[in-house]
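**Q** Got a structure for you, target.csv, holding CSV, C-alpha atoms and all ligand atoms.
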chain,number,residue,atom,x,y,z
A,281,MET,CA,32.7,5.8,61.2
A,282,THR,CA,29.6,4.2,62.5
A,283,THR,CA,29.5,0.8,60.8
A,284,ASP,CA,32.2,-1.0,62.9
A,285,ARG,CA,30.3,-0.8,66.1
A,286,THR,CA,28.3,-3.7,67.6
A,287,PRO,CA,24.8,-3.4,66.2
A,288,PRO,CA,22.1,-2.4,68.6
A,289,PRO,CA,19.8,-5.1,70.0
A,290,GLY,CA,17.2,-6.3,67.5
A,291,ALA,CA,19.0,-4.7,64.6
A,292,PRO,CA,20.0,-6.5,61.5
A,293,LEU,CA,23.6,-7.8,62.0
A,294,THR,CA,24.9,-5.8,59.1
A,295,GLY,CA,23.5,-3.0,57.1
A,296,PRO,CA,24.1,0.6,56.4
A,297,VAL,CA,23.2,3.2,59.1
A,298,ALA,CA,20.8,6.0,58.3
A,299,VAL,CA,21.1,7.9,61.6
A,300,SER,CA,23.9,7.5,64.1
A,301,VAL,CA,23.7,9.3,67.5
A,302,GLN,CA,26.6,9.0,69.9
A,303,GLU,CA,26.6,10.3,73.5
A,304,VAL,CA,24.4,13.3,72.6
A,305,ARG,CA,23.7,15.8,75.4
A,306,LYS,CA,21.6,18.9,75.5
A,307,ARG,CA,20.8,21.1,78.5
A,308,TYR,CA,18.4,24.0,78.8
A,309,GLY,CA,19.3,26.0,81.9
A,310,ASP,CA,19.3,23.4,84.7
A,311,ARG,CA,17.2,21.0,82.7
A,312,GLN,CA,19.2,18.1,81.1
A,313,ALA,CA,16.8,17.5,78.2
A,314,VAL,CA,19.0,14.9,76.5
A,315,ASP,CA,21.4,13.1,78.8
A,316,GLY,CA,23.9,11.0,76.8
A,317,ILE,CA,21.8,9.3,74.2
A,318,SER,CA,23.4,6.8,71.7
A,319,LEU,CA,21.4,5.0,69.1
A,320,ASP,CA,21.6,3.9,65.4
A,321,VAL,CA,18.8,3.7,62.9
A,322,GLN,CA,19.4,1.3,60.1
A,323,ARG,CA,18.5,2.2,56.5
A,324,GLY,CA,15.0,1.0,55.7
A,325,GLU,CA,14.1,0.7,59.3
A,326,PHE,CA,10.9,1.9,60.9
A,327,PHE,CA,12.2,3.3,64.1
A,328,GLY,CA,9.9,4.5,66.9
A,329,LEU,CA,10.9,7.2,69.5
A,330,LEU,CA,8.6,6.9,72.5
A,331,GLY,CA,8.5,8.5,75.9
A,332,PRO,CA,6.4,10.7,78.2
A,333,ASN,CA,6.0,14.4,77.7
A,334,GLY,CA,9.3,16.1,78.4
A,335,ALA,CA,11.4,13.0,77.9
A,336,GLY,CA,13.5,14.7,75.3
A,337,LYS,CA,12.2,13.3,72.1
A,338,THR,CA,11.6,16.6,70.3
A,339,THR,CA,15.0,17.9,71.4
A,340,LEU,CA,16.8,14.8,70.1
A,341,ILE,CA,14.9,14.8,66.8
A,342,GLU,CA,15.6,18.4,66.2
A,343,ILE,CA,19.3,17.8,66.9
A,344,VAL,CA,19.2,15.0,64.4
A,345,GLU,CA,17.3,17.1,61.8
A,346,GLY,CA,20.0,19.8,62.2
A,347,LEU,CA,17.6,22.3,63.8
A,348,ARG,CA,19.4,22.4,67.1
A,349,GLN,CA,22.9,22.1,68.2
A,350,ALA,CA,23.9,19.5,70.7
A,351,ASP,CA,26.0,20.5,73.7
A,352,SER,CA,28.2,17.4,73.1
A,353,GLY,CA,28.2,14.1,71.2
A,354,THR,CA,28.2,13.3,67.6
A,355,VAL,CA,25.4,12.9,65.0
A,356,GLU,CA,25.5,11.5,61.5
A,357,VAL,CA,22.6,11.5,59.2
A,358,LEU,CA,23.0,9.7,55.9
A,359,GLY,CA,26.7,9.9,56.4
A,360,GLU,CA,26.7,13.7,57.0
A,361,ARG,CA,26.9,15.9,60.0
A,362,PRO,CA,23.5,17.8,60.2
A,363,TRP,CA,25.1,20.7,62.3
A,364,PRO,CA,26.2,23.4,61.4
A,365,ARG,CA,23.0,23.5,59.2
A,366,ASN,CA,23.8,21.2,56.3
A,367,THR,CA,21.8,22.2,53.3
A,368,ALA,CA,23.1,19.2,51.3
A,369,LEU,CA,20.9,17.0,53.6
A,370,LEU,CA,17.7,18.9,53.0
A,371,PRO,CA,16.6,17.2,49.8
A,372,ARG,CA,17.4,13.8,51.4
A,373,ILE,CA,15.2,14.1,54.4
A,374,GLY,CA,11.5,14.8,54.9
A,375,VAL,CA,10.1,16.3,58.1
A,376,GLN,CA,6.4,16.3,59.2
A,377,THR,CA,5.8,18.1,62.4
A,378,GLN,CA,2.7,18.8,64.5
A,379,ALA,CA,3.0,22.4,63.3
A,380,SER,CA,3.1,21.5,59.6
A,381,ALA,CA,2.0,24.6,57.6
A,382,PHE,CA,-0.4,24.6,54.7
A,383,PHE,CA,-1.4,26.9,51.9
A,384,VAL,CA,-5.0,26.7,53.1
A,385,ARG,CA,-6.6,28.5,50.2
A,386,GLN,CA,-5.1,26.2,47.7
A,387,THR,CA,-6.3,22.8,46.7
A,388,ALA,CA,-4.5,19.7,48.0
A,389,ARG,CA,-2.8,19.3,44.6
A,390,GLU,CA,-1.9,23.0,44.3
A,391,HIS,CA,-0.4,22.9,47.8
A,392,LEU,CA,1.6,19.9,47.1
A,393,ALA,CA,2.8,21.2,43.7
A,394,THR,CA,3.9,24.4,45.5
A,395,VAL,CA,5.9,22.4,48.0
A,396,ALA,CA,7.3,20.2,45.2
A,397,GLY,CA,8.4,23.4,43.4
A,398,LEU,CA,10.4,24.5,46.4
A,399,TYR,CA,12.5,21.3,45.9
A,400,ARG,CA,12.6,21.8,42.1
A,401,LYS,CA,10.3,18.9,41.6
A,402,ASP,CA,7.5,19.0,39.0
A,403,ALA,CA,3.7,18.7,39.4
A,404,ALA,CA,3.9,15.0,38.4
A,405,ALA,CA,5.8,14.4,41.7
A,406,ALA,CA,2.8,16.0,43.5
A,407,ASP,CA,0.4,13.7,41.7
A,408,ARG,CA,2.5,10.6,42.5
A,409,THR,CA,2.6,11.6,46.2
A,410,LEU,CA,-1.1,12.3,46.4
A,411,GLU,CA,-1.5,8.8,45.1
A,412,THR,CA,0.9,7.4,47.7
A,413,VAL,CA,-1.0,8.9,50.6
A,414,ALA,CA,-4.4,8.0,49.0
A,415,LEU,CA,-5.5,11.6,48.5
A,416,THR,CA,-6.0,11.5,44.7
A,417,GLU,CA,-9.8,11.8,45.1
A,418,GLN,CA,-9.3,14.9,47.2
A,419,ARG,CA,-6.8,16.6,44.9
A,420,ASP,CA,-9.1,19.4,43.9
A,421,VAL,CA,-10.5,20.0,47.4
A,422,LEU,CA,-9.3,23.2,49.2
A,423,VAL,CA,-6.9,22.4,52.0
A,424,GLU,CA,-9.2,24.2,54.5
A,425,ASN,CA,-12.0,21.8,53.6
A,426,LEU,CA,-10.0,18.6,54.1
A,427,SER,CA,-10.9,16.5,57.1
A,428,GLY,CA,-8.4,16.1,59.9
A,429,GLY,CA,-7.2,12.8,58.6
A,430,GLN,CA,-6.8,14.1,55.1
A,431,ARG,CA,-4.8,17.0,56.3
A,432,GLN,CA,-2.5,14.7,58.2
A,433,ARG,CA,-2.0,12.7,55.0
A,434,LEU,CA,-1.3,15.9,53.2
A,435,ALA,CA,1.3,16.9,55.8
A,436,ILE,CA,3.0,13.5,55.3
A,437,ALA,CA,2.8,14.0,51.5
A,438,SER,CA,4.5,17.4,52.0
A,439,ALA,CA,7.3,15.6,53.7
A,440,LEU,CA,7.5,13.1,50.9
A,441,VAL,CA,7.0,14.9,47.7
A,442,HIS,CA,10.7,15.4,47.1
A,443,ASP,CA,11.3,11.7,47.5
A,444,PRO,CA,13.5,11.8,50.6
A,445,GLU,CA,15.5,8.7,51.8
A,446,LEU,CA,14.8,9.5,55.5
A,447,ILE,CA,11.5,10.7,56.9
A,448,PHE,CA,10.8,12.1,60.3
A,449,LEU,CA,7.1,11.8,61.4
A,450,ASP,CA,6.0,13.5,64.6
A,451,GLU,CA,2.7,12.0,65.9
A,452,PRO,CA,1.1,11.8,62.4
A,453,THR,CA,-2.0,10.1,63.8
A,454,ALA,CA,-2.7,12.5,66.6
A,455,ALA,CA,-6.3,13.5,66.7
A,456,LEU,CA,-7.4,11.0,64.1
A,457,ASP,CA,-10.4,8.8,64.5
A,458,PRO,CA,-9.7,5.0,64.8
A,459,GLN,CA,-10.5,4.3,61.1
A,460,ALA,CA,-8.5,7.2,59.8
A,461,ARG,CA,-5.6,6.1,62.1
A,462,ARG,CA,-5.7,2.5,60.7
A,463,ASP,CA,-5.9,3.9,57.1
A,464,LEU,CA,-2.8,6.0,57.8
A,465,TRP,CA,-1.0,2.9,59.1
A,466,GLU,CA,-1.4,1.3,55.7
A,467,VAL,CA,0.1,4.4,54.1
A,468,LEU,CA,3.1,4.2,56.5
A,469,ARG,CA,3.6,0.5,55.9
A,470,ALA,CA,3.6,1.2,52.2
A,471,LEU,CA,6.3,3.9,52.7
A,472,LYS,CA,8.4,1.4,54.6
A,473,GLY,CA,7.8,-1.1,51.8
A,474,GLU,CA,9.4,1.3,49.4
A,475,GLY,CA,12.6,1.0,51.4
A,476,ARG,CA,12.4,4.4,53.1
A,477,THR,CA,13.8,4.9,56.6
A,478,ILE,CA,11.2,6.3,59.0
A,479,VAL,CA,11.8,7.9,62.4
A,480,TYR,CA,8.5,8.0,64.1
A,481,THR,CA,7.4,9.7,67.3
A,482,THR,CA,4.2,8.7,68.9
A,483,HIS,CA,2.3,8.4,72.1
A,484,HIS,CA,0.2,5.5,70.7
A,485,LEU,CA,1.9,2.4,72.0
A,486,ASP,CA,-0.3,0.1,69.9
A,487,GLU,CA,0.8,2.0,66.9
A,488,ALA,CA,4.5,1.6,67.7
A,489,GLU,CA,3.9,-2.1,68.3
A,490,ALA,CA,2.1,-2.5,65.0
A,491,LEU,CA,4.5,-0.4,62.8
A,492,CYS,CA,8.0,-0.2,64.3
A,493,ASP,CA,10.9,-2.5,63.7
A,494,ARG,CA,12.5,-1.2,66.8
A,495,VAL,CA,11.6,1.4,69.4
A,496,ALA,CA,13.6,3.5,71.8
A,497,ILE,CA,11.8,4.4,75.0
A,498,LEU,CA,13.2,7.7,76.4
A,499,VAL,CA,12.8,8.6,80.1
A,500,ALA,CA,14.2,11.8,81.4
A,501,GLY,CA,16.6,12.3,78.5
A,502,ARG,CA,18.0,8.8,78.6
A,503,ILE,CA,17.2,5.6,76.7
A,504,ALA,CA,15.3,3.3,79.1
A,505,ALA,CA,14.9,0.5,76.5
A,506,LEU,CA,15.8,-0.1,72.9
A,507,ASP,CA,14.7,-3.2,71.0
A,508,SER,CA,12.0,-4.6,68.8
A,509,PRO,CA,8.6,-4.3,70.4
A,510,HIS,CA,8.3,-8.1,70.3
A,511,ARG,CA,11.5,-8.6,72.2
A,512,LEU,CA,10.8,-5.9,74.7
A,513,VAL,CA,7.5,-7.5,75.5
A,514,ALA,CA,8.9,-11.0,75.7
A,515,ALA,CA,11.8,-9.8,77.9
A,516,ALA,CA,9.5,-8.1,80.3
A,517,GLY,CA,8.0,-11.5,81.2
A,518,ALA,CA,4.7,-10.0,82.1
A,519,PRO,CA,2.1,-12.7,82.9
A,520,ALA,CA,-0.7,-13.6,80.5
A,521,ARG,CA,-4.2,-13.3,81.8
A,522,LEU,CA,-7.0,-15.8,81.2
A,523,LEU,CA,-10.5,-14.4,81.7
A,524,VAL,CA,-13.0,-17.1,82.6
A,525,PRO,CA,-16.7,-16.0,82.9
A,526,ALA,CA,-17.7,-15.8,86.5
A,527,GLY,CA,-19.5,-18.8,88.0
A,528,ARG,CA,-17.8,-21.4,85.8
A,529,ILE,CA,-15.0,-22.2,88.3
A,530,GLY,CA,-14.4,-21.2,91.9
A,531,VAL,CA,-11.5,-18.9,93.0
A,532,ALA,CA,-9.9,-21.7,95.1
A,533,GLN,CA,-10.3,-24.2,92.3
A,534,ALA,CA,-8.6,-21.8,89.9
A,535,ALA,CA,-5.8,-20.9,92.3
A,536,ALA,CA,-5.1,-24.6,92.7
A,537,LEU,CA,-4.5,-25.2,89.0
A,538,ASP,CA,-0.9,-25.9,88.0
A,539,GLY,CA,0.7,-22.8,86.5
A,540,VAL,CA,-1.7,-20.2,88.0
A,541,ASP,CA,0.1,-17.5,89.9
A,542,ARG,CA,-2.7,-15.3,91.0
A,543,VAL,CA,-6.5,-15.2,90.8
A,544,SER,CA,-8.8,-12.2,91.1
A,545,GLU,CA,-12.4,-11.4,90.3
A,546,GLN,CA,-12.9,-8.5,87.9
A,547,GLY,CA,-15.9,-7.2,86.0
A,548,GLY,CA,-17.7,-10.5,85.7
A,549,SER,CA,-14.7,-12.6,85.1
A,550,LEU,CA,-12.3,-14.7,87.0
A,551,VAL,CA,-8.8,-13.5,86.0
A,552,LEU,CA,-6.1,-16.1,86.1
A,553,GLU,CA,-2.5,-14.7,85.9
A,554,THR,CA,0.0,-17.2,84.5
A,555,ALA,CA,3.4,-17.5,82.9
A,556,ALA,CA,2.2,-20.8,81.3
A,557,PRO,CA,-1.0,-19.9,79.5
A,558,GLY,CA,-1.0,-23.1,77.4
A,559,ARG,CA,-1.0,-25.4,80.4
A,560,VAL,CA,-3.6,-23.3,82.2
A,561,LEU,CA,-5.8,-23.2,79.2
A,562,GLN,CA,-5.7,-27.0,79.0
A,563,ALA,CA,-6.7,-27.3,82.6
A,564,VAL,CA,-9.5,-24.8,82.3
A,565,ASP,CA,-10.7,-26.6,79.1
A,566,ALA,CA,-10.8,-29.9,81.1
A,567,LEU,CA,-12.8,-28.2,83.9
A,568,THR,CA,-15.3,-26.1,82.1
A,569,GLY,CA,-14.6,-25.9,78.4
A,570,LEU,CA,-13.2,-22.8,76.6
A,571,ASP,CA,-16.4,-21.2,75.6
A,572,GLY,CA,-16.3,-17.5,76.5
A,573,VAL,CA,-12.7,-17.8,77.9
A,574,MET,CA,-10.4,-14.9,76.7
A,575,THR,CA,-6.7,-14.5,76.9
A,576,ARG,CA,-4.9,-11.2,77.3
A,577,THR,CA,-1.2,-10.9,76.7
A,578,ALA,CA,1.2,-8.3,77.7
A,579,THR,CA,1.8,-5.4,75.2
A,580,LEU,CA,4.3,-2.8,74.5
A,581,GLU,CA,2.2,-0.4,76.6
A,582,ASP,CA,2.7,-2.6,79.7
A,583,VAL,CA,6.5,-2.4,79.1
A,584,TYR,CA,6.3,1.3,78.6
A,585,LEU,CA,4.2,1.9,81.7
A,586,GLU,CA,6.6,-0.2,83.7
A,587,LEU,CA,9.6,1.8,82.5
A,588,THR,CA,8.1,5.2,82.7
A,589,GLY,CA,6.7,4.6,86.2
A,590,HIS,CA,3.1,5.0,85.5
A,591,HIS,CA,2.1,1.4,86.0
A,592,HIS,CA,-0.8,1.2,88.4
A,593,GLY,CA,-0.4,-2.3,89.6
A,594,PRO,CA,-1.7,-5.7,88.5
A,595,ASP,CA,-5.0,-4.3,87.4
A,596,ALA,CA,-3.5,-2.0,84.8
A,597,GLY,CA,-3.7,-4.7,82.2
A,598,ARG,CA,-7.5,-4.9,82.4
A,599,THR,CA,-7.9,-1.7,80.5
A,600,PRO,CA,-8.5,-2.6,76.9
A,601,ALA,CA,-6.0,0.0,75.7
A,602,HIS,CA,-3.3,-1.9,77.6
A,603,THR,CA,-4.0,-5.4,76.2
A,604,THR,CA,-4.7,-7.4,73.2
A,605,GLU,CA,-7.6,-9.7,73.6
A,606,SER,CA,-8.2,-12.9,71.6
A,607,PRO,CA,-10.6,-15.7,72.0
A,608,ALA,CA,-8.9,-18.6,73.8
V,701,LIG,N1,13.8,25.7,74.1
V,701,LIG,C1,13.7,25.2,75.3
V,701,LIG,N2,14.1,25.9,76.4
V,701,LIG,C2,14.1,25.4,77.6
V,701,LIG,N3,13.6,24.2,77.9
V,701,LIG,C3,13.2,23.4,76.9
V,701,LIG,C4,13.2,23.9,75.6
V,701,LIG,N4,12.8,22.9,74.8
V,701,LIG,C5,12.5,21.8,75.6
V,701,LIG,N5,12.8,22.2,76.9
V,701,LIG,C6,12.6,21.3,78.1
V,701,LIG,O1,13.4,20.1,77.8
V,701,LIG,C7,12.7,18.9,78.2
V,701,LIG,C8,12.5,18.0,77.0
V,701,LIG,O2,11.6,18.6,76.1
V,701,LIG,P1,11.2,17.9,74.7
V,701,LIG,O3,10.3,18.9,74.0
V,701,LIG,O4,12.4,17.5,74.0
V,701,LIG,O5,10.4,16.6,75.2
V,701,LIG,P2,9.4,15.6,74.4
V,701,LIG,O6,9.8,14.3,74.8
V,701,LIG,O7,9.5,16.0,73.0
V,701,LIG,O8,8.0,16.0,75.0
V,701,LIG,P3,6.5,15.9,74.3
V,701,LIG,O9,6.1,14.5,74.3
V,701,LIG,O10,5.7,16.7,75.3
V,701,LIG,O11,6.6,16.6,73.0
V,701,LIG,C9,11.4,19.4,78.8
V,701,LIG,O12,11.6,19.5,80.2
V,701,LIG,C10,11.2,20.8,78.2
V,701,LIG,O13,10.4,21.6,79.1
Produce structure tokens that represent the structure in this file.

**A**
Amino acid sequence: MTTDRTPPPGAPLTGPVAVSVQEVRKRYGDRQAVDGISLDVQRGEFFGLLGPNGAGKTTLIEIVEGLRQADSGTVEVLGERPWPRNTALLPRIGVQTQASAFFVRQTAREHLATVAGLYRKDAAAADRTLETVALTEQRDVLVENLSGGQRQRLAIASALVHDPELIFLDEPTAALDPQARRDLWEVLRALKGEGRTIVYTTHHLDEAEALCDRVAILVAGRIAALDSPHRLVAAAGAPARLLVPAGRIGVAQAAALDGVDRVSEQGGSLVLETAAPGRVLQAVDALTGLDGVMTRTATLEDVYLELTGHHHGPDAGRTPAHTTESPA
């Protein structure tokens, strides 16, 4: 049984478990791809699996999906063992992969109706799912003529058309332009809103932060962190940065402000690092006013880079991709 264990950090205190992974290991030759991973995914949860290339995400997911056999450990999916290959699970799970295959000479609707037929679902299920992923307008467009974003949505629709309880999505927003990515986020949020459990692999940390209830960060086959993005960021205790346009206050003056830990000059701004942004903002306000002053707070990407060893020092947070910016 999986329900009598202490819930993982950030998880609801009670609640049914969709996926339970206990001490799972998988070795390829001398490469320990998965090295004793334990985690639970709650039903209805949007769970992110993050980690650098080669961290073991795909191997773990494929073990959970029943596509690979673990060397040791136990896995339960919707209360069942996925290995040996458990066909009773197939109608209950949906899988979208980077290698999702399409019937390219069919229209979007024909393609989806074909997939629906494989699960003994009717064409109405295809129409409903096209609506869910906002592809109704493109229903009569040949798959080969769909844009990249539309194809990604069709791949998700193909994983959804049989109405699964649990969905595995592998980098569904890879190669999408920013607007298409944001549009897809709305589709994914709607899926969660329907109560489905989603296991989500991505290299986009902003996306994980925006969508996931909890994330596991894998490093070299082990879990380096597992919690809600918010709690991971808060626990990391990374400093906030206040950016004051250059020339408004001097470096020494800024360094002397109560609560300022470090001051540097970067790209036309004076950057004040602090663990007490409220206090420092007040002090800056009193000195020069807050016009043009920006704050940058730590993000999940900062936590990730710290854990995965790719943090390039205190300036890393200056890159917009690493930070959220908001007017002070
Ligand atoms: N079939 C295989 N045979 C041998 N080694 C493998 C096999 N599959 C994966 N590996 C190795 O196991 C390790 C984990 O790979 P895995 O694909 O699970 O990582 P990943 O986190 O999904 O990476 P990515 O983000 O690049 O998809 C890597 O070192 C990989 O080279």

**Q** Just the number, please: distance in Å from atom O5 of ligand LIG 701 (chain V) to atom CA of Asn333 of chain A, one decimal.

**A**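 Between these atoms lies a distance of 5.5 Å.
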
**Q** Provide the atom CA of Leu580 of chain A to atom CA of Ala439 of chain A distance in Å, to one decimal place.

**A**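 Atom CA of Ala439 of chain A lies at a distance of 27.9 Å from atom CA of Leu580 of chain A.
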
**Q** Would you name the residues within 10 Å of ligand LIG 701 (chain V), counting only C-alpha atoms and all ligand atoms, and put them as JSON, numbers by chain?

**A** {"A": [306, 307, 308, 309, 310, 311, 312, 313, 314, 329, 330, 331, 332, 333, 334, 335, 336, 337, 338, 339, 340, 341, 342, 343, 348, 378, 450, 451, 481, 482, 483, 498, 499, 500, 501]}

**Q** Dump C-alpha atoms for the selected residues as an mmCIF file, in the frame of the given file?

**A**
data_model
loop_
_atom_site.group_PDB
_atom_site.id
_atom_site.type_symbol
_atom_site.label_atom_id
_atom_site.label_comp_id
_atom_site.auth_asym_id
_atom_site.auth_seq_id
_atom_site.Cartn_x
_atom_site.Cartn_y
_atom_site.Cartn_z
ATOM 1 C CA LYS A 306 21.600 18.900 75.500
ATOM 2 C CA ARG A 307 20.800 21.100 78.500
ATOM 3 C CA TYR A 308 18.400 24.000 78.800
ATOM 4 C CA GLY A 309 19.300 26.000 81.900
ATOM 5 C CA ASP A 310 19.300 23.400 84.700
ATOM 6 C CA ARG A 311 17.200 21.000 82.700
ATOM 7 C CA GLN A 312 19.200 18.100 81.100
ATOM 8 C CA ALA A 313 16.800 17.500 78.200
ATOM 9 C CA VAL A 314 19.000 14.900 76.500
ATOM 10 C CA LEU A 329 10.900 7.200 69.500
ATOM 11 C CA LEU A 330 8.600 6.900 72.500
ATOM 12 C CA GLY A 331 8.500 8.500 75.900
ATOM 13 C CA PRO A 332 6.400 10.700 78.200
ATOM 14 C CA ASN A 333 6.000 14.400 77.700
ATOM 15 C CA GLY A 334 9.300 16.100 78.400
ATOM 16 C CA ALA A 335 11.400 13.000 77.900
ATOM 17 C CA GLY A 336 13.500 14.700 75.300
ATOM 18 C CA LYS A 337 12.200 13.300 72.100
ATOM 19 C CA THR A 338 11.600 16.600 70.300
ATOM 20 C CA THR A 339 15.000 17.900 71.400
ATOM 21 C CA LEU A 340 16.800 14.800 70.100
ATOM 22 C CA ILE A 341 14.900 14.800 66.800
ATOM 23 C CA GLU A 342 15.600 18.400 66.200
ATOM 24 C CA ILE A 343 19.300 17.800 66.900
ATOM 25 C CA ARG A 348 19.400 22.400 67.100
ATOM 26 C CA GLN A 378 2.700 18.800 64.500
ATOM 27 C CA ASP A 450 6.000 13.500 64.600
ATOM 28 C CA GLU A 451 2.700 12.000 65.900
ATOM 29 C CA THR A 481 7.400 9.700 67.300
ATOM 30 C CA THR A 482 4.200 8.700 68.900
ATOM 31 C CA HIS A 483 2.300 8.400 72.100
ATOM 32 C CA LEU A 498 13.200 7.700 76.400
ATOM 33 C CA VAL A 499 12.800 8.600 80.100
ATOM 34 C CA ALA A 500 14.200 11.800 81.400
ATOM 35 C CA GLY A 501 16.600 12.300 78.500
#

**Q** Identify which of the residues A:Ala470, A:Ala379, A:Val583, A:Leu537 lies closest to Ala566 of chain A, counting all atoms listed in the file when measuring atom-to-atom distances.

**A**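 Under the stated criterion, the closest residue is A:Leu537.
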
**Q** Go through A:Thr588, A:Thr477, A:Thr377, A:Thr568 and flag the residue nearest Glu325 of chain A, using all atoms listed in the file for the distances.

**A** A:Thr477

**Q** So, counting all atoms listed in the file, which residue among A:Gly517, A:Gly539, A:Gly569, A:Gly397 is closest to Pro557 of chain A?

**A**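 Selected residue with least distance to Pro557 of chain A: A:Gly539.
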
**Q** Could you state the separation of atom CA of Gly558 of chain A and atom CA of Gly572 of chain A in Å, given to one decimal place?

**A**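 Value for the atom CA of Gly558 of chain A-atom CA of Gly572 of chain A distance: 16.3 Å.
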
**Q** Taking only residues of segment 294-399 of chain A that have an atom at most 10 Å from an atom of segment 418-421 of chain A, what is each one's shortest atom pair and its distance in Å to one decimal, using only C-alpha atoms, in chain and number order, as JSON lines?

**A**
{"residue": "A:Arg385", "atom": "CA", "partner": "A:Val421", "partner_atom": "CA", "distance": 9.8}
{"residue": "A:Gln386", "atom": "CA", "partner": "A:Val421", "partner_atom": "CA", "distance": 8.2}
{"residue": "A:Thr387", "atom": "CA", "partner": "A:Val421", "partner_atom": "CA", "distance": 5.1}
{"residue": "A:Ala388", "atom": "CA", "partner": "A:Arg419", "partner_atom": "CA", "distance": 5.0}
{"residue": "A:Arg389", "atom": "CA", "partner": "A:Arg419", "partner_atom": "CA", "distance": 4.8}
{"residue": "A:Glu390", "atom": "CA", "partner": "A:Asp420", "partner_atom": "CA", "distance": 8.1}
{"residue": "A:His391", "atom": "CA", "partner": "A:Arg419", "partner_atom": "CA", "distance": 9.4}
{"residue": "A:Leu392", "atom": "CA", "partner": "A:Arg419", "partner_atom": "CA", "distance": 9.3}

**Q** Measuring atom to atom with only C-alpha atoms, identify which of A:Ala455, A:Val441, A:Ser318, A:Asp407 is nearest to Arg372 of chain A.

**A**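 Among the listed residues, the smallest separation from Arg372 of chain A belongs to A:Val441.
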
**Q** Would you list the residues near (12.4, 14.7, 45.3), meaning any protein, DNA or RNA residue with an atom at most 7 Å from that point in file coordinates, counting all atoms listed in the file, as a list in words?

**A** Pro371, Tyr399, Lys401, Val441, His442, Asp443 and Pro444 of chain A

**Q** Which residues, written as JSON, numbers by chain, have at least one atom at most 10 Å from Pro519 of chain A, with all atoms listed in the file counted and residues fewer than 4 positions away on the same chain left out?

**A** {"A": [540, 541, 542, 552, 553, 554, 555, 556, 557, 576, 577, 578, 594, 597]}

**Q** Quick one: which segment 296-338 of chain A residues come within 10 Å of segment 358-363 of chain A, and what is the nearest atom pair for each with the distance in Å to one decimal, counting all atoms listed in the file, rows ordered by chain and ascending number, as a Markdown table?

**A**
| residue | atom | partner | partner_atom | distance |
| --- | --- | --- | --- | --- |
| A:Pro296 | CA | A:Leu358 | CA | 9.2 |
| A:Val297 | CA | A:Leu358 | CA | 7.2 |
| A:Ala298 | CA | A:Leu358 | CA | 4.9 |
| A:Val299 | CA | A:Leu358 | CA | 6.3 |
| A:Ser300 | CA | A:Leu358 | CA | 8.5 |
| A:Arg323 | CA | A:Leu358 | CA | 8.8 |

**Q** Rank nothing, just name the residue among A:Asp571, A:Asp493, A:Glu356, A:Asp457 nearest to Lys472 of chain A, using only C-alpha atoms.

**A** A:Asp493

**Q** Nearest to Phe327 of chain A: which of A:Cys492, A:Ile497, A:Met574, A:Ala406 is it, counting all atoms listed in the file?

**A**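 Selected residue with least distance to Phe327 of chain A: A:Cys492.
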